[in-house]
file entry-v1.csv (CSV, C-alpha atoms)
chain,number,residue,atom,x,y,z
A,1,MET,CA,-23.3,19.2,-4.0
A,2,PHE,CA,-19.9,19.4,-2.4
A,3,VAL,CA,-18.0,16.1,-2.5
A,4,ILE,CA,-14.6,15.3,-0.9
A,5,VAL,CA,-12.9,12.4,-2.7
A,6,VAL,CA,-10.1,10.9,-0.6
A,7,GLY,CA,-7.6,9.0,-2.7
A,8,ALA,CA,-6.5,10.1,-6.2
A,9,GLY,CA,-5.8,6.8,-7.7
A,10,LYS,CA,-7.6,5.6,-10.8
A,11,VAL,CA,-10.9,5.3,-9.0
A,12,GLY,CA,-10.6,8.7,-7.2
A,13,TYR,CA,-9.4,10.5,-10.3
A,14,PHE,CA,-12.2,9.3,-12.6
A,15,LEU,CA,-14.8,9.7,-9.9
A,16,ALA,CA,-13.7,13.3,-9.4
A,17,ARG,CA,-13.7,14.0,-13.1
A,18,GLU,CA,-17.2,12.6,-13.6
A,19,LEU,CA,-18.5,14.6,-10.6
A,20,ILE,CA,-17.0,17.8,-11.9
A,21,GLN,CA,-18.5,17.2,-15.3
A,22,SER,CA,-21.9,16.7,-13.6
A,23,GLY,CA,-21.5,20.2,-12.1
A,24,HIS,CA,-20.6,19.2,-8.5
A,25,GLU,CA,-18.0,21.0,-6.4
A,26,VAL,CA,-15.2,18.5,-5.7
A,27,ALA,CA,-12.1,18.5,-3.6
A,28,ILE,CA,-9.6,15.6,-3.8
A,29,MET,CA,-7.2,14.6,-1.1
A,30,GLU,CA,-4.1,12.7,-2.0
A,31,ARG,CA,-1.2,12.2,0.4
A,32,ASP,CA,1.3,11.2,-2.3
A,33,ARG,CA,2.6,14.6,-3.4
A,34,ALA,CA,3.9,13.4,-6.8
A,35,ARG,CA,0.5,11.9,-7.6
A,36,ALA,CA,-1.3,15.0,-6.2
A,37,ALA,CA,0.8,17.3,-8.5
A,38,GLN,CA,0.1,15.0,-11.5
A,39,VAL,CA,-3.7,15.1,-10.8
A,40,THR,CA,-3.6,18.9,-10.3
A,41,GLU,CA,-1.9,19.2,-13.6
A,42,GLU,CA,-4.7,17.2,-15.3
A,43,ILE,CA,-7.8,18.2,-13.4
A,44,GLY,CA,-7.1,21.6,-11.9
A,45,SER,CA,-6.3,23.1,-8.6
A,46,ILE,CA,-8.8,21.1,-6.5
A,47,VAL,CA,-6.3,18.7,-5.1
A,48,ILE,CA,-5.2,18.9,-1.4
A,49,PRO,CA,-1.9,17.2,-1.1
A,50,HIS,CA,-2.5,15.8,2.4
A,51,ASP,CA,-3.5,12.6,4.1
A,52,GLY,CA,-7.3,12.4,4.5
A,53,CYS,CA,-6.9,10.1,7.5
A,54,GLU,CA,-5.8,13.1,9.6
A,55,GLY,CA,-8.7,15.2,11.0
A,56,LYS,CA,-6.8,18.4,10.6
A,57,TYR,CA,-6.4,18.0,6.9
A,58,LEU,CA,-9.9,16.6,6.4
A,59,GLY,CA,-11.1,19.8,8.1
A,60,GLU,CA,-9.0,21.9,5.8
A,61,ALA,CA,-10.6,20.2,2.9
A,62,GLY,CA,-14.0,21.5,4.0
A,63,ALA,CA,-15.4,18.4,5.7
A,64,ASN,CA,-17.5,20.8,7.8
A,65,ARG,CA,-19.7,21.6,4.8
A,66,ALA,CA,-19.3,18.5,2.7
A,67,ASP,CA,-22.4,16.7,1.6
A,68,ILE,CA,-20.5,13.5,0.8
A,69,VAL,CA,-17.1,12.1,1.7
A,70,ALA,CA,-16.1,9.2,-0.6
A,71,ALA,CA,-13.0,7.3,0.7
A,72,VAL,CA,-11.7,5.4,-2.3
A,73,THR,CA,-8.1,4.7,-1.4
A,74,GLY,CA,-6.6,1.2,-1.9
A,75,ASP,CA,-6.5,0.7,1.8
A,76,ASP,CA,-9.6,-0.5,3.7
A,77,GLU,CA,-8.3,0.6,7.1
A,78,ASP,CA,-7.7,4.2,5.8
A,79,ASN,CA,-11.1,4.3,4.1
A,80,LEU,CA,-12.8,3.2,7.4
A,81,VAL,CA,-11.0,5.8,9.4
A,82,ILE,CA,-11.8,8.6,6.9
A,83,CYS,CA,-15.5,7.7,6.8
A,84,GLN,CA,-15.7,7.4,10.6
A,85,MET,CA,-14.0,10.8,11.1
A,86,ALA,CA,-16.2,12.4,8.5
A,87,LYS,CA,-19.3,11.0,10.0
A,88,HIS,CA,-18.7,11.5,13.7
A,89,HIS,CA,-16.4,14.4,13.8
A,90,PHE,CA,-17.6,16.6,11.0
A,91,ASP,CA,-21.2,15.3,10.8
A,92,VAL,CA,-21.0,14.6,7.0
A,93,PRO,CA,-24.5,13.5,6.0
A,94,ARG,CA,-23.3,10.7,3.7
A,95,THR,CA,-20.1,8.6,3.7
A,96,ILE,CA,-19.1,6.2,1.0
A,97,ALA,CA,-16.2,3.7,1.3
A,98,ARG,CA,-14.5,1.5,-1.2
A,99,VAL,CA,-14.0,-1.9,0.4
A,100,ASN,CA,-11.3,-4.0,-1.2
A,101,ASN,CA,-11.6,-7.1,1.0
A,102,PRO,CA,-15.2,-8.3,1.0
A,103,LYS,CA,-14.7,-9.7,4.5
A,104,ASN,CA,-14.5,-6.1,5.8
A,105,GLU,CA,-18.0,-5.2,4.5
A,106,SER,CA,-19.9,-6.1,7.6
A,107,LEU,CA,-17.4,-4.2,9.8
A,108,PHE,CA,-17.8,-1.1,7.7
A,109,LYS,CA,-21.6,-1.3,8.0
A,110,HIS,CA,-21.4,-2.0,11.7
A,111,LEU,CA,-19.2,1.0,12.3
A,112,GLY,CA,-21.6,3.4,10.6
A,113,VAL,CA,-20.3,3.9,7.0
A,114,ASP,CA,-23.4,4.8,5.0
A,115,GLU,CA,-22.6,3.1,1.8
A,116,ILE,CA,-19.9,0.5,0.9
A,117,VAL,CA,-18.8,-0.3,-2.6
A,118,SER,CA,-16.8,-3.5,-3.1
A,119,PRO,CA,-15.3,-3.9,-6.5
A,120,THR,CA,-14.2,-7.4,-5.5
A,121,ARG,CA,-17.7,-8.4,-4.6
A,122,MET,CA,-19.0,-7.0,-7.9
A,123,ILE,CA,-16.6,-8.8,-10.0
A,124,LEU,CA,-17.2,-12.0,-8.1
A,125,GLY,CA,-20.9,-11.6,-8.6
A,126,SER,CA,-20.4,-11.1,-12.3
A,127,ILE,CA,-18.2,-14.2,-12.6
A,128,GLU,CA,-20.7,-16.3,-10.6
A,129,ALA,CA,-23.5,-15.1,-12.8
A,130,ASP,CA,-21.8,-16.3,-15.9
A,131,ILE,CA,-20.6,-19.6,-14.7
A,132,PRO,CA,-23.1,-22.4,-14.1
A,133,VAL,CA,-21.9,-23.6,-10.8
A,134,HIS,CA,-23.6,-25.5,-8.0
A,135,GLU,CA,-23.6,-22.5,-5.8
A,136,LEU,CA,-25.8,-19.9,-4.3
A,137,LEU,CA,-25.3,-16.6,-6.2
A,138,HIS,CA,-25.1,-13.5,-4.1
A,139,LEU,CA,-27.4,-10.9,-5.7
A,140,ALA,CA,-27.3,-8.2,-3.1
A,141,VAL,CA,-26.4,-7.4,0.5
A,142,LEU,CA,-29.3,-5.9,2.5
A,143,GLY,CA,-30.1,-4.7,6.0
A,144,GLY,CA,-26.7,-3.4,6.8
A,145,GLY,CA,-24.9,-6.5,5.7
A,146,GLU,CA,-26.9,-8.9,7.8
A,147,LEU,CA,-29.2,-10.2,5.0
A,148,GLU,CA,-28.4,-11.5,1.6
A,149,LEU,CA,-30.4,-11.8,-1.5
A,150,VAL,CA,-29.5,-15.1,-3.2
A,151,GLU,CA,-30.3,-17.2,-6.2
A,152,ALA,CA,-30.1,-21.0,-6.4
A,153,GLN,CA,-30.5,-22.9,-9.6
A,154,LEU,CA,-31.9,-26.4,-9.0
A,155,ARG,CA,-30.1,-29.1,-11.0
A,156,GLU,CA,-30.5,-32.8,-11.4
A,157,GLY,CA,-29.9,-34.3,-8.0
A,158,SER,CA,-30.6,-31.1,-6.1
A,159,PRO,CA,-32.4,-32.2,-2.9
A,160,ALA,CA,-35.2,-29.6,-3.4
A,161,VAL,CA,-36.2,-30.9,-6.8
A,162,GLY,CA,-39.7,-32.5,-6.5
A,163,CYS,CA,-40.4,-30.9,-3.1
A,164,THR,CA,-43.1,-28.3,-2.5
A,165,ALA,CA,-41.8,-25.0,-1.2
A,166,GLY,CA,-43.8,-25.5,2.0
A,167,SER,CA,-42.2,-28.8,2.8
A,168,LEU,CA,-38.7,-27.3,2.9
A,169,SER,CA,-37.5,-26.7,6.5
A,170,LEU,CA,-35.8,-23.4,5.8
A,171,PRO,CA,-33.6,-21.9,8.5
A,172,ASP,CA,-35.2,-19.3,10.7
A,173,GLY,CA,-35.2,-15.9,9.1
A,174,CYS,CA,-34.8,-17.3,5.5
A,175,SER,CA,-37.5,-17.4,2.8
A,176,ILE,CA,-37.9,-18.1,-0.8
A,177,PHE,CA,-40.2,-15.7,-2.5
A,178,ALA,CA,-39.8,-16.2,-6.2
A,179,VAL,CA,-39.1,-18.9,-8.8
A,180,ILE,CA,-37.8,-18.1,-12.2
A,181,ARG,CA,-39.1,-20.8,-14.6
A,182,ASP,CA,-39.0,-20.6,-18.4
A,183,GLU,CA,-37.9,-16.9,-18.2
A,184,ARG,CA,-40.9,-16.0,-16.1
A,185,ALA,CA,-41.0,-15.0,-12.5
A,186,LEU,CA,-43.5,-16.8,-10.3
A,187,SER,CA,-44.4,-16.1,-6.8
A,188,VAL,CA,-43.8,-19.0,-4.5
A,189,ARG,CA,-46.7,-20.6,-2.6
A,190,SER,CA,-46.5,-23.4,-0.1
A,191,ASP,CA,-47.8,-25.8,-2.8
A,192,THR,CA,-45.4,-24.7,-5.5
A,193,GLU,CA,-43.5,-27.7,-6.7
A,194,LEU,CA,-39.9,-27.1,-7.3
A,195,ARG,CA,-38.4,-28.4,-10.6
A,196,GLU,CA,-35.1,-29.1,-12.1
A,197,GLY,CA,-33.9,-25.8,-13.8
A,198,ASP,CA,-35.8,-23.6,-11.5
A,199,LYS,CA,-34.0,-20.5,-10.2
A,200,LEU,CA,-35.1,-19.8,-6.7
A,201,ILE,CA,-34.7,-16.3,-5.3
A,202,GLY,CA,-34.5,-16.1,-1.6
A,203,ILE,CA,-33.5,-13.9,1.2
A,204,GLY,CA,-31.8,-15.0,4.4
A,205,ARG,CA,-29.3,-14.2,7.1
A,206,THR,CA,-25.7,-14.4,6.0
A,207,GLU,CA,-24.9,-17.1,8.6
A,208,CYS,CA,-27.6,-19.4,7.2
A,209,GLU,CA,-26.0,-19.6,3.8
A,210,ALA,CA,-24.4,-23.0,4.3
A,211,GLU,CA,-27.7,-24.5,5.6
A,212,LEU,CA,-29.7,-23.0,2.7
A,213,HIS,CA,-27.2,-24.4,0.3
A,214,ARG,CA,-27.5,-27.9,1.8
A,215,LEU,CA,-31.3,-27.8,1.7
A,216,LEU,CA,-31.6,-26.6,-1.9
A,217,LEU,CA,-28.5,-27.7,-3.7
A,218,GLY,CA,-27.0,-30.4,-1.5
A,219,GLU,CA,-23.8,-30.4,0.5
A,220,ASP,CA,-21.5,-27.5,-0.3
A,221,GLU,CA,-18.3,-29.0,-1.6
A,222,ALA,CA,-16.4,-26.0,-0.4
A,223,THR,CA,-17.6,-26.3,3.2
A,224,ALA,CA,-18.2,-30.1,3.3
B,1,MET,CA,1.1,56.8,-31.7
B,2,PRO,CA,2.7,53.4,-30.8
B,3,GLU,CA,6.0,52.6,-32.3
B,4,ALA,CA,6.0,50.2,-35.3
B,5,ASN,CA,7.5,47.4,-33.3
B,6,THR,CA,5.3,47.8,-30.2
B,7,PRO,CA,2.7,45.0,-29.9
B,8,VAL,CA,-0.9,46.2,-30.0
B,9,PHE,CA,-3.2,44.8,-27.4
B,10,ARG,CA,-6.9,44.9,-27.5
B,11,ARG,CA,-7.7,43.7,-24.0
B,12,ALA,CA,-5.3,43.3,-21.1
B,13,VAL,CA,-5.9,41.8,-17.7
B,14,ILE,CA,-3.9,43.2,-14.8
B,15,ALA,CA,-3.5,40.9,-11.8
B,16,LEU,CA,-3.5,42.9,-8.6
B,17,SER,CA,-2.1,41.2,-5.5
B,18,GLY,CA,-2.5,44.1,-3.1
B,19,SER,CA,1.3,44.7,-2.8
B,20,ALA,CA,3.2,47.9,-3.6
B,21,ILE,CA,3.9,46.8,-7.1
B,22,ASP,CA,0.3,47.0,-8.1
B,23,ALA,CA,0.6,50.8,-8.7
B,24,GLY,CA,3.5,50.2,-11.1
B,25,ILE,CA,1.8,47.6,-13.2
B,26,VAL,CA,-1.4,49.6,-13.5
B,27,ARG,CA,0.7,52.6,-14.7
B,28,LEU,CA,2.6,50.4,-17.1
B,29,ALA,CA,-0.7,49.0,-18.5
B,30,LEU,CA,-2.2,52.4,-18.9
B,31,GLU,CA,1.0,53.7,-20.7
B,32,VAL,CA,1.2,50.7,-23.0
B,33,THR,CA,-2.4,51.0,-24.1
B,34,ARG,CA,-2.6,54.8,-24.1
B,35,HIS,CA,-2.8,55.1,-27.8
B,36,THR,CA,-4.6,51.9,-28.7
B,37,HIS,CA,-7.5,52.4,-26.4
B,38,ALA,CA,-7.3,48.8,-25.3
B,39,GLU,CA,-9.7,47.6,-22.6
B,40,LEU,CA,-8.0,47.2,-19.2
B,41,ILE,CA,-9.4,44.9,-16.6
B,42,ALA,CA,-7.9,44.9,-13.1
B,43,VAL,CA,-8.5,41.6,-11.3
B,44,HIS,CA,-8.0,41.0,-7.6
B,45,VAL,CA,-8.5,37.5,-6.4
B,46,VAL,CA,-9.5,36.7,-2.9
B,47,GLU,CA,-8.4,33.1,-2.1
B,48,LEU,CA,-10.9,31.1,-0.1
B,49,ASP,CA,-9.9,27.9,1.7
B,50,TRP,CA,-12.1,24.8,1.3
B,51,THR,CA,-14.0,25.4,4.6
B,52,GLN,CA,-16.0,28.1,2.8
B,53,PRO,CA,-18.1,27.8,-0.4
B,54,LEU,CA,-16.9,29.8,-3.3
B,55,ASP,CA,-20.0,31.9,-3.2
B,56,ALA,CA,-19.5,32.9,0.5
B,57,ASP,CA,-19.9,36.6,1.0
B,58,VAL,CA,-16.3,37.3,1.8
B,59,ALA,CA,-14.6,39.5,-0.9
B,60,GLU,CA,-17.4,42.1,-1.1
B,61,ARG,CA,-17.1,42.7,2.6
B,62,SER,CA,-13.4,42.8,2.6
B,63,GLU,CA,-12.1,46.4,3.1
B,64,GLU,CA,-8.6,45.2,1.9
B,65,ALA,CA,-10.0,43.9,-1.4
B,66,GLN,CA,-11.9,47.1,-1.9
B,67,ARG,CA,-8.8,49.2,-1.1
B,68,VAL,CA,-6.8,47.3,-3.8
B,69,LEU,CA,-9.4,47.9,-6.5
B,70,ASP,CA,-10.0,51.5,-5.4
B,71,ALA,CA,-6.2,52.2,-5.6
B,72,ALA,CA,-6.1,50.9,-9.2
B,73,GLU,CA,-9.1,52.9,-10.2
B,74,GLY,CA,-7.6,56.0,-8.7
B,75,ILE,CA,-4.4,55.7,-10.7
B,76,ALA,CA,-6.4,55.2,-13.9
B,77,GLU,CA,-8.4,58.3,-13.1
B,78,LEU,CA,-5.3,60.3,-12.5
B,79,MET,CA,-3.8,59.2,-15.8
B,80,HIS,CA,-7.1,59.8,-17.6
B,81,GLY,CA,-7.4,56.2,-18.5
B,82,LYS,CA,-10.2,53.7,-18.3
B,83,LEU,CA,-10.1,50.6,-16.2
B,84,GLU,CA,-12.6,48.0,-15.1
B,85,SER,CA,-12.0,46.5,-11.7
B,86,VAL,CA,-13.1,42.9,-10.9
B,87,LEU,CA,-13.2,41.1,-7.6
B,88,VAL,CA,-13.0,37.3,-7.9
B,89,GLN,CA,-13.2,34.6,-5.2
B,90,ALA,CA,-11.3,31.4,-6.0
B,91,ARG,CA,-9.4,28.5,-4.5
B,92,ASP,CA,-6.2,29.4,-6.3
B,93,VAL,CA,-5.0,32.8,-7.4
B,94,GLY,CA,-3.0,31.7,-10.5
B,95,ALA,CA,-5.8,29.5,-11.9
B,96,ALA,CA,-8.4,32.3,-11.3
B,97,ILE,CA,-6.4,35.0,-13.1
B,98,VAL,CA,-5.7,32.7,-16.0
B,99,ASP,CA,-9.4,31.7,-16.2
B,100,GLU,CA,-10.4,35.4,-16.1
B,101,ALA,CA,-7.9,36.2,-18.9
B,102,ALA,CA,-9.2,33.3,-21.0
B,103,ALA,CA,-12.9,34.0,-20.3
B,104,ARG,CA,-12.4,37.7,-21.4
B,105,GLU,CA,-10.3,36.7,-24.4
B,106,ALA,CA,-7.5,39.0,-23.2
B,107,ASP,CA,-4.4,39.2,-25.4
B,108,LEU,CA,-2.2,40.3,-22.5
B,109,LEU,CA,-1.9,39.3,-18.9
B,110,ILE,CA,0.2,41.5,-16.6
B,111,LEU,CA,1.4,40.3,-13.2
B,112,GLY,CA,3.5,42.0,-10.7
B,113,LEU,CA,6.2,40.1,-8.7
B,114,PRO,CA,7.0,41.8,-5.4
B,115,TYR,CA,10.7,41.5,-4.5
B,116,ARG,CA,10.8,39.3,-1.4
B,117,THR,CA,13.8,37.4,-0.3
B,118,ARG,CA,13.6,34.3,1.7
B,119,PHE,CA,16.5,33.0,3.8
B,120,GLY,CA,18.7,35.8,2.7
B,121,GLY,CA,18.5,35.7,-1.0
B,122,ASP,CA,16.2,33.0,-2.4
B,123,PHE,CA,13.8,34.8,-4.6
B,124,ALA,CA,10.1,34.0,-3.7
B,125,ILE,CA,8.3,33.6,-7.0
B,126,GLY,CA,5.2,32.1,-5.5
B,127,ARG,CA,2.7,29.9,-7.4
B,128,ALA,CA,0.6,32.3,-9.4
B,129,VAL,CA,3.4,33.6,-11.7
B,130,PRO,CA,4.7,30.1,-12.8
B,131,TYR,CA,1.1,29.0,-13.2
B,132,ALA,CA,0.3,32.0,-15.5
B,133,LEU,CA,3.5,31.6,-17.5
B,134,LYS,CA,2.6,27.9,-18.0
B,135,ASN,CA,-1.1,28.1,-18.7
B,136,ALA,CA,-2.2,31.5,-19.9
B,137,PRO,CA,-3.4,31.4,-23.5
B,138,CYS,CA,-2.3,35.0,-24.1
B,139,ALA,CA,1.0,37.0,-23.8
B,140,VAL,CA,2.2,37.3,-20.2
B,141,TRP,CA,4.2,40.1,-18.8
B,142,VAL,CA,5.7,39.7,-15.4
B,143,VAL,CA,7.0,42.9,-13.8
B,144,ARG,CA,9.4,42.4,-11.0
B,145,GLU,CA,9.8,45.0,-8.3
B,146,PRO,CA,13.3,46.5,-8.1
B,147,MET,CA,15.6,44.9,-5.6
B,148,GLY,CA,15.8,46.6,-2.2
B,149,GLU,CA,18.8,48.7,-1.5
B,150,GLU,CA,20.1,46.1,1.0
B,151,SER,CA,20.0,43.4,-1.6
B,152,ARG,CA,22.2,45.1,-4.1
call {"tool": "encode", "arguments": {"input": "entry-v1.csv", "output": "structure tokens"}}
result
Amino acid sequence: MFVIVVGAGKVGYFLARELIQSGHEVAIMERDRARAAQVTEEIGSIVIPHDGCEGKYLGEAGANRADIVAAVTGDDEDNLVICQMAKHHFDVPRTIARVNNPKNESLFKHLGVDEIVSPTRMILGSIEADIPVHELLHLAVLGGGELELVEAQLREGSPAVGCTAGSLSLPDGCSIFAVIRDERALSVRSDTELREGDKLIGIGRTECEAELHRLLLGEDEATA
Amino acid sequence: MPEANTPVFRRAVIALSGSAIDAGIVRLALEVTRHTHAELIAVHVVELDWTQPLDADVAERSEEAQRVLDAAEGIAELMHGKLESVLVQARDVGAAIVDEAAAREADLLILGLPYRTRFGGDFAIGRAVPYALKNAPCAVWVVREPMGEESR
């Protein structure tokens, strides 16, 4: 597979190295000439010392035959431009973008980037998973960023404790489909009674998050 | 017989650029290895840009590339020497030559440096020679073309 990696920072450098070790053909684009020279020295003559945001140079890097373009610069705007150009101008089958600001995720999806990777979101998820807070945990983003897979742990005082799943007036387009209780996953029926300590796994539209939080866990202090 | 202080090489790679100096370095290599029966490998690299895959059928169809190799083989024949010619497609000439020398465990790499002046005197050394000098695992000989009359 031929992969163009745009951005030879730490992420781009190690990504390219791993891809090469896996036997893929890789070209790296880096507009900072000093950094490009340094990476060439370390990794070989696969670095194109030009700006991947410019169509001319993306073309010279072989975008016309690339299987994947991965835009991993530290700049969201650049990554978006690179992926859009690769997708729409060069018909690259798969574009992957690093998104530094999680707020840009939906925009990237909306504008046709095939895959987005948000280190910020990943770290946030990891922190949330380790800290017992009265929050909805984001497990995954689905459906092009419009849907979220969430987890809510019911605690003493949570409004949903003692209710049956069927009695909850969930927002339209949201559903709870599993309960993790005593380390076991149970499917949710309408008569399933929710207990303190239950972890509810649900799916819902991103904009319903606050309502879901209110119903299951109580008023969200951050938004109240 | 080689003189006592002449280094003995077992295998030498000659980098052919397609310029006038190619004939000179092929003759030199044949002379140097005449008595030691060293293996000579003449390598011509066709540089491909990134728009084409490395296995694109370019070099084999290139008359220019064939001419470069044929010329080297012709000189070897005239001098009653043996020479293997190799055509390589790569992204970068310097790296390809050094890789070839390393892969074949050559103990000598010979490159020619055509005399070209830029802007009335700045010597154009290019990228391949510095790369080879810096990275080749074996001995490297760089043979510079004589200066043109107008430059003396």
call {"tool": "residues_around", "arguments": {"input": "entry-v1.csv", "residues": "B:Arg34", "least_positions_apart": "3", "cutoff": "10 Å", "atoms": "all atoms listed in the file", "output": "list in words"}}
result
Met1, Pro2, Leu28, Ala29, Leu30, Glu31, His37, Ala38, Met79, His80, Gly81 and Lys82 of chain B
call {"tool": "write_last_selection", "arguments": {"input": "entry-v1.csv", "atoms": "C-alpha atoms", "output": "PDB file, in the coordinates of the input"}}
result
ATOM      1  CA  MET B   1       1.100  56.800 -31.700  1.00  0.00           C
ATOM      2  CA  PRO B   2       2.700  53.400 -30.800  1.00  0.00           C
ATOM      3  CA  LEU B  28       2.600  50.400 -17.100  1.00  0.00           C
ATOM      4  CA  ALA B  29      -0.700  49.000 -18.500  1.00  0.00           C
ATOM      5  CA  LEU B  30      -2.200  52.400 -18.900  1.00  0.00           C
ATOM      6  CA  GLU B  31       1.000  53.700 -20.700  1.00  0.00           C
ATOM      7  CA  HIS B  37      -7.500  52.400 -26.400  1.00  0.00           C
ATOM      8  CA  ALA B  38      -7.300  48.800 -25.300  1.00  0.00           C
ATOM      9  CA  MET B  79      -3.800  59.200 -15.800  1.00  0.00           C
ATOM     10  CA  HIS B  80      -7.100  59.800 -17.600  1.00  0.00           C
ATOM     11  CA  GLY B  81      -7.400  56.200 -18.500  1.00  0.00           C
ATOM     12  CA  LYS B  82     -10.200  53.700 -18.300  1.00  0.00           C
TER      13      LYS B  82
END
call {"tool": "closest_atom_pairs", "arguments": {"input": "entry-v1.csv", "of": "chain B", "to": "chain A", "cutoff": "8 Å", "atoms": "all atoms listed in the file", "output": "CSV"}}
result
residue,atom,partner,partner_atom,distance
B:Asp49,CA,A:Glu60,CA,7.3
B:Trp50,CA,A:Gly62,CA,4.7
B:Thr51,CA,A:Gly62,CA,3.9
B:Gln52,CA,A:Gly62,CA,7.0
B:Arg91,CA,A:Ser45,CA,7.5
B:Asp92,CA,A:Ser45,CA,6.7
B:Ala95,CA,A:Ser45,CA,7.2
call {"tool": "write_last_selection", "arguments": {"input": "entry-v1.csv", "atoms": "C-alpha atoms", "output": "compact mmCIF listing (two decimals), in the frame of the given file"}}
result
# COMPACT_ATOMS: atom_id res chain seq x y z
CA ASP B 49 -9.90 27.90 1.70
CA TRP B 50 -12.10 24.80 1.30
CA THR B 51 -14.00 25.40 4.60
CA GLN B 52 -16.00 28.10 2.80
CA ARG B 91 -9.40 28.50 -4.50
CA ASP B 92 -6.20 29.40 -6.30
CA ALA B 95 -5.80 29.50 -11.90
call {"tool": "residues_around", "arguments": {"input": "entry-v1.csv", "residues": "B:Val26", "least_positions_apart": "6", "cutoff": "10 Å", "atoms": "only C-alpha atoms", "output": "ChimeraX atom specification"}}
result
/B:13-16,32,40-42,71-73,75-76,83,110-112
call {"tool": "write_last_selection", "arguments": {"input": "entry-v1.csv", "atoms": "C-alpha atoms", "output": "short mmCIF file (atom, residue, chain, number, x, y, z; two decimals), keeping the file's coordinate frame"}}
result
data_model
loop_
_atom_site.label_atom_id
_atom_site.label_comp_id
_atom_site.auth_asym_id
_atom_site.auth_seq_id
_atom_site.Cartn_x
_atom_site.Cartn_y
_atom_site.Cartn_z
CA VAL B 13 -5.90 41.80 -17.70
CA ILE B 14 -3.90 43.20 -14.80
CA ALA B 15 -3.50 40.90 -11.80
CA LEU B 16 -3.50 42.90 -8.60
CA VAL B 32 1.20 50.70 -23.00
CA LEU B 40 -8.00 47.20 -19.20
CA ILE B 41 -9.40 44.90 -16.60
CA ALA B 42 -7.90 44.90 -13.10
CA ALA B 71 -6.20 52.20 -5.60
CA ALA B 72 -6.10 50.90 -9.20
CA GLU B 73 -9.10 52.90 -10.20
CA ILE B 75 -4.40 55.70 -10.70
CA ALA B 76 -6.40 55.20 -13.90
CA LEU B 83 -10.10 50.60 -16.20
CA ILE B 110 0.20 41.50 -16.60
CA LEU B 111 1.40 40.30 -13.20
CA GLY B 112 3.50 42.00 -10.70
#
call {"tool": "residues_near_point", "arguments": {"input": "entry-v1.csv", "point": "(-36.0, -8.8, 5.0)", "cutoff": "12 Å", "atoms": "all atoms listed in the file", "output": "JSON, numbers by chain"}}
result
{"A": [140, 141, 142, 143, 144, 145, 146, 147, 148, 149, 172, 173, 174, 175, 176, 177, 202, 203, 204, 205, 206]}
call {"tool": "atom_distance", "arguments": {"input": "entry-v1.csv", "atom1": "atom CA of A:Met1", "atom2": "atom CA of A:Asp67"}}
result
6.2 Å
call {"tool": "closest_residue", "arguments": {"input": "entry-v1.csv", "among": "B:Pro114, B:Leu133, B:Ala128, B:Arg11", "to": "B:Pro146", "atoms": "only C-alpha atoms"}}
result
B:Pro114
call {"tool": "atom_distance", "arguments": {"input": "entry-v1.csv", "atom1": "atom CA of A:Ala160", "atom2": "atom CA of A:Leu186"}}
result
16.7 Å
call {"tool": "atom_distance", "arguments": {"input": "entry-v1.csv", "atom1": "atom CA of A:Asn100", "atom2": "atom CA of A:Asp76"}}
result
6.3 Å
call {"tool": "residues_around", "arguments": {"input": "entry-v1.csv", "residues": "A:Lys10", "least_positions_apart": "5", "cutoff": "12 Å", "atoms": "all atoms listed in the file", "output": "PyMOL selection string"}}
result
chain A and resi 5+15-17+30+35+39+72-74
call {"tool": "closest_residue", "arguments": {"input": "entry-v1.csv", "among": "B:Ala23, B:Val129, B:Phe9, B:Gly18", "to": "B:Gly74", "atoms": "all atoms listed in the file"}}
result
B:Ala23
call {"tool": "closest_residue", "arguments": {"input": "entry-v1.csv", "among": "B:Val58, B:Ala136, B:Trp141, B:Gly126", "to": "B:Glu105", "atoms": "all atoms listed in the file"}}
result
B:Ala136
call {"tool": "closest_residue", "arguments": {"input": "entry-v1.csv", "among": "B:Ala96, B:Glu39, B:Ser17, B:Glu84", "to": "B:Leu54", "atoms": "all atoms listed in the file"}}
result
B:Ala96
